[in-house]
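Notes to accompany the following structure.
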2 protein chains.
Amino acid sequence: MKAIKLFITAACLPLFFLNGNAQNLKKTKFNTLTILGKGANTESEFHRVDTVKYPDMPKGVKGLLTNSAGLFVTFKTNSTSISAKWCVTNKKTSSNMTAIAYKGLDLYIKKDEKWQFAGVGRPNATCSEYDLVKNMDNSEKECLVYLPLYDETKSLEIGVDENASFTELENPFKKKIVIYGSSILQGASASRPGMAYPARLSRSTGFNFVNIGLSGSAKMEKAVVDMLADMPADAYILDCIPNSSPAEIKERTSYLVKTLRSRYPKAPIIIVQTIVREHGFFDKSVGARVSQQNEEILKQYELLKGQGVKDLYFITAENLLGTDHEATVDGTHPNDIGFDRMLQKLEPEVLNVLKKYREFMIK
Amino acid sequence: MKAIKLFITAACLPLFFLNGNAQNLKKTKFNTLTILGKGANTESEFHRVDTVKYPDMPKGVKGLLTNSAGLFVTFKTNSTSISAKWCVTNKKTSSNMTAIAYKGLDLYIKKDEKWQFAGVGRPNATCSEYDLVKNMDNSEKECLVYLPLYDETKSLEIGVDENASFTELENPFKKKIVIYGSSILQGASASRPGMAYPARLSRSTGFNFVNIGLSGSAKMEKAVVDMLADMPADAYILDCIPNSSPAEIKERTSYLVKTLRSRYPKAPIIIVQTIVREHGFFDKSVGARVSQQNEEILKQYELLKGQGVKDLYFITAENLLGTDHEATVDGTHPNDIGFDRMLQKLEPEVLNVLKKYREFMIK
């Protein structure tokens with residue numbers, strides 16, 4: 001069947017040219033770009049962190065840091081269409097996510113000084129090619145393409161019309177705020193990569209929120225703390241309570257906070273309680289665990305404040321997911337409504353902290 | 001591997017009993033229930049419509065009517081856990097949907113007179129078994145389980161604790177409002193079955209909104225109109241503009257509306273314009289088509305009103321998806337934010353129409 005199709009395509013090509021219908025034959029030039037959005041430079045182009053430096057890091061964490069959550073490319077072009085060729089691995093999309101979020105791409109274009117959604121790259125195999133958008137006017141546009149949230153990206157090329165301009169741009173987001181957290185931070189279950197909450201925070205504030213979300217594995221291990229301490233940043237947000245047991249929170253929070261405080265004496269550190277589990281309103285065991293996690297992290301925060309740790313802040317779980325119980329895909333992971341509500345609470349509270357610091361007083 | 005696992009399981013069973021640890025061995029009794037949420041009774045248990053009666057219906061439409069979108073079961077039980085065994089087909093989940101929405105289940109439990117989300121059934125193969133919720137108290141609860149939106153359900157059994165009560169309930173939603181529409185209505189891209197917009201409307205209003213969403217195929221063909229006319233209802237909502245070309249809207253709207261009006265002289269008929277395509281703000285071709293669709297359906301509505309068709313209403317596309325351009329998964333299909341915004345506009349406008357009719361004045 002494929003052979004027949006190829007033959008027909010080949011047989012038809014001269015007809016297009018004979019009819020002067022060449023504009024129907026898409027001619028695209030493909031470009032590779034610098035991958036942005038990392039906590040630090042890496043040798044592995046599409047990995048968030050080079051984990052070889054941290055031999056004691058749990059294997060699961062190392063694997064997750066190869067996922068391209070939060071990574072993106074940015075460029076300007078006057079092309080009327082923008083396409084992408086990219087490869088990921090053959091691992092299966094989790095049942096609580098779309099393949100577009102897990103293995104796909106989405107495109108934003110700057111319009112009236114805001115980043116506006118323009119299209120997606122739908123994955124259809126390990127390697128995919130897809131028109132993110134087409135039929136645009138030929139004015140020059142600034143573009144931003146987010147990489148897959150939960151898979152390891154193996155390659156990425158961005159295609160534009162053969163005669164279009166194409167210039168790579170610098171990271172449009174200023175300063176650096178490292179966020180360390182769970183699957184929720186990594187992006188489960190945003191509907192597409194650009195809807196993960198750090199990406200949304202970056203677009204809405206203009207600050208560079210770096211996604212160190214580690215699905216199921218944000219447990220404040222010493223090797224992970226050492227890795228975070230190797231990421232110089234202007235602020236740190238710790239949203240790692242969902243994965244840590246009450247005992248782990250008790251044992252490990254102090255080392256995490258004090259290590260960051262000692263390496264970066266003035267950078268604000270913001271701790272966030274875990275969101276509720278929506279099924280925890282019925283499952284007594286789940287409900288009790290979340291309460292214990294949130295009680296324990298509040299205790300640890302107060303202990304650290306009592307010990308004189310400065311520039312340490314706390315955001316409670318209250319109302320992070322709203323009140324209608326419809327904000328998750330599976331009881332645990334926010335759907336896009338859930339992330340929208342998290343943003344409505346987190347953005348003003350985080351900005352309230354950041355605006356106290358001179359580094360964030362930028363235009 | 002499976003054989004080894006089975007052997008280990010079998011080998012371990014007596015130990016559990018010897019240790020008096022029998023409570024760790026879950027004992028579940030499974031029940032089959034009447035499938036609710038259909039437009040009319042069907043011989044095929046899990047199909048929305050028996051299409052054999054409509055020989056001229058397009059094959060694609062017949063296939064879609066085997067999808068269990070909008071179907072559900074309801075029961076009361078004092079079980080502390082609720083599980084499900086269900087089978088679907090082996091077709092692949094679309095890249096813009098989660099497998100939970102496409103092939104899975106979700107559970108709502110009545111709490112304080114409202115349906116509250118309680119858990120999901122994650123599909124992991126053609127046939128799956130999953131605990132929707134566990135560790136509950138043993139008070140009696142009313143439960144509602146939604147079936148897969150985009151796959152054909154082949155079987156469904158609901159499991160409860162061996163000694164728990166279990167009683168099937170009648171449809172908790174009153175009256176009947178048939179909604180005919182596209183993939184958006186069928187549920188792309190809600191994060192789970194209960195988040196499709198007709199299901200949300202039913203829970204929030206208490207009325208029975210019946211999902212006749214036909215992905216990509218809501219084109220008002222004569223055979224489909226005849227099928228709709230065979231579904232007696234108290235009201236009809238026509239959200240079928242997204243799939244119909246301007247020419248199809250011009251040719252077919254009149255027959256659709258007049259057929260329903262003649263069969264059901266007093267039932268209100270509400271036409272809804274298509275939501276915008278978010279990528280249509282950049283893709284000029286897509287943007288123009290949506291404008292033409294919405295202009296044409298407005299013309300047809302005015303024409304029908306001019307011809308004296310009574311009890312006909314119109315809801316515009318204005319603000320159906322909000323203004324931040326973040327309300328879709330792929331430019332076309334609403335994510336849960338998009339459906340939330342559609343609800344905020346549709347629910348009051350639909351209720352404004354319905355409350356004019358005596359049939360809907362129920363407590």
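Please note that chains go A, B, ... in the order of the structure tokens, that every chain numbers its residues from 1, and that ligands are numbered from 1 in the order shown.
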Margin query: Residues of chain B within 9 Å of chain A, counting only C-alpha atoms, what are they? List them as a ChimeraX atom specification.
Written below: /B:80-81,93-101,104,106,109,116-124,133-137,189-192,195,278-286,324-331,335-338,340
Item checked: All residues 7 Å or closer to segment 249-252 of chain B, only C-alpha atoms, same chain fewer than 5 positions away omitted, as a list in words -> Met220, Ser244, Glu296, Ile297 and Gln300 of chain B
Resulting file, chosen residues, N, CA and C atoms, as a short mmCIF file (atom, residue, chain, number, x, y, z; two decimals), in the first residue's frame:
```cif
data_model
loop_
_atom_site.label_atom_id
_atom_site.label_comp_id
_atom_site.auth_asym_id
_atom_site.auth_seq_id
_atom_site.Cartn_x
_atom_site.Cartn_y
_atom_site.Cartn_z
N MET B 220 -25.84 16.93 9.44
CA MET B 220 -27.28 17.11 9.19
C MET B 220 -27.78 16.32 7.98
N SER B 244 -20.18 21.18 9.64
CA SER B 244 -20.93 21.39 8.40
C SER B 244 -20.31 22.53 7.60
N GLU B 296 -23.61 31.83 8.01
CA GLU B 296 -24.64 31.06 7.29
C GLU B 296 -25.70 30.52 8.26
N ILE B 297 -25.29 30.04 9.43
CA ILE B 297 -26.31 29.49 10.34
C ILE B 297 -27.19 30.61 10.90
N GLN B 300 -29.74 31.25 8.24
CA GLN B 300 -30.74 30.19 8.20
C GLN B 300 -31.73 30.33 9.36
#
```
Next item on the list: Quick one: pick out all strand (DSSP E) residues within segment 169-308 of chain A from a backbone DSSP run and write them as a PyMOL selection string.
Entry: chain A and resi 174-181+207-213+235-239+269-272
Margin query: Give me the residues near segment 310-323 of chain B as a PyMOL selection string, where near means some atom within 10 Å (using only C-alpha atoms) and where sequence neighbours in that chain fewer than 4 positions away do not count.
Written below: chain B and resi 235-239+257+261+265-278+294+297-298+301-302+304-306+327-328+334-335+337-346+349-350+353+356-357
Next item on the list: May I ask which of the residues A:Leu64, A:Leu260, A:Ile177, A:Leu228 is the closest one to Thr205 of chain A, counting only C-alpha atoms?
Entry: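 Answer, going by the shortest atom-to-atom distance: A:Ile177.
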Note to self: So that I can check the surroundings of segment 182-185 of chain B, please list as a ChimeraX atom specification every protein, DNA and RNA residue that reaches within 6 Å of it, counting only C-alpha atoms and ignoring chain neighbours fewer than 4 positions away.
What the structure shows: /B:213-216,218,240,333
Notebook entry, point to check: Which residues come within 10 Å of Glu162 of chain B, counting only C-alpha atoms, excluding same-chain residues fewer than 6 positions away, as JSON, numbers by chain?
Noted result: {"B": [26, 27, 28, 29, 30, 79]}
Take the residues that were just selected and, keeping N, CA, C and O atoms, output them as a PDB file, in the first residue's frame.
```pdb
ATOM      1  N   LYS B  26      -8.988  -9.092  48.657  1.00  0.00           N
ATOM      2  CA  LYS B  26     -10.206  -8.364  48.334  1.00  0.00           C
ATOM      3  C   LYS B  26     -11.253  -9.330  47.808  1.00  0.00           C
ATOM      4  O   LYS B  26     -10.988 -10.095  46.897  1.00  0.00           O
ATOM      5  N   LYS B  27     -12.444  -9.264  48.380  1.00  0.00           N
ATOM      6  CA  LYS B  27     -13.544 -10.076  47.869  1.00  0.00           C
ATOM      7  C   LYS B  27     -14.583  -9.129  47.308  1.00  0.00           C
ATOM      8  O   LYS B  27     -15.122  -8.305  48.035  1.00  0.00           O
ATOM      9  N   THR B  28     -14.826  -9.296  46.059  1.00  0.00           N
ATOM     10  CA  THR B  28     -15.688  -8.353  45.367  1.00  0.00           C
ATOM     11  C   THR B  28     -16.793  -9.117  44.661  1.00  0.00           C
ATOM     12  O   THR B  28     -16.542 -10.167  44.078  1.00  0.00           O
ATOM     13  N   LYS B  29     -18.015  -8.592  44.732  1.00  0.00           N
ATOM     14  CA  LYS B  29     -19.068  -9.177  43.899  1.00  0.00           C
ATOM     15  C   LYS B  29     -19.365  -8.185  42.773  1.00  0.00           C
ATOM     16  O   LYS B  29     -19.437  -6.964  43.004  1.00  0.00           O
ATOM     17  N   PHE B  30     -19.492  -8.742  41.574  1.00  0.00           N
ATOM     18  CA  PHE B  30     -19.669  -7.881  40.402  1.00  0.00           C
ATOM     19  C   PHE B  30     -21.112  -7.899  39.922  1.00  0.00           C
ATOM     20  O   PHE B  30     -21.790  -8.922  40.007  1.00  0.00           O
ATOM     21  N   SER B  79     -20.872  -0.062  50.084  1.00  0.00           N
ATOM     22  CA  SER B  79     -19.542  -0.659  49.948  1.00  0.00           C
ATOM     23  C   SER B  79     -18.461   0.372  50.280  1.00  0.00           C
ATOM     24  O   SER B  79     -18.612   1.551  49.993  1.00  0.00           O
TER      25      SER B  79
END
```
Next item on the list: Skip Ser83 of chain A itself and residues of its chain fewer than 4 positions away, then list as a ChimeraX atom specification all residues within 6 Å of it, counting only C-alpha atoms.
Entry: /A:130-132,158-159
Let me see the file: selected residues, C-alpha atoms, as a PDB file, in the first residue's frame.
```pdb
ATOM      1  CA  TYR A 130       3.406  17.968  11.471  1.00  0.00           C
ATOM      2  CA  ASP A 131       2.308  21.437  10.380  1.00  0.00           C
ATOM      3  CA  LEU A 132       1.991  23.414  13.611  1.00  0.00           C
ATOM      4  CA  ILE A 158      11.574  23.480  12.864  1.00  0.00           C
ATOM      5  CA  GLY A 159      10.464  23.919   9.246  1.00  0.00           C
TER       6      GLY A 159
END
```
Next item on the list: Go through B:Thr66, B:Thr32, B:Gln307, B:Ser262 one by one, measure the shortest atom-to-atom distance of each to Asp50 of chain B using only C-alpha atoms, and give the residue with the smallest value.
Entry: B:Thr66
Checklist line | B:Ala125, B:Val49, B:Leu149, B:Ala84 ranked by distance to Asn31 of chain B, top pick (using only C-alpha atoms) | finding: B:Ala84
Note to self: Using only C-alpha atoms, can you tell me which of A:Asn243, A:Ser128, A:Thr51, A:Ser68 comes closest to Glu157 of chain A?
What the structure shows: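 Answer, going by the shortest atom-to-atom distance: A:Ser128.
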Margin query: Can you measure atom CA of Thr74 of chain B to atom CA of Ala229 of chain B for me? One decimal in Å is fine.
Written below: 27.3 Å
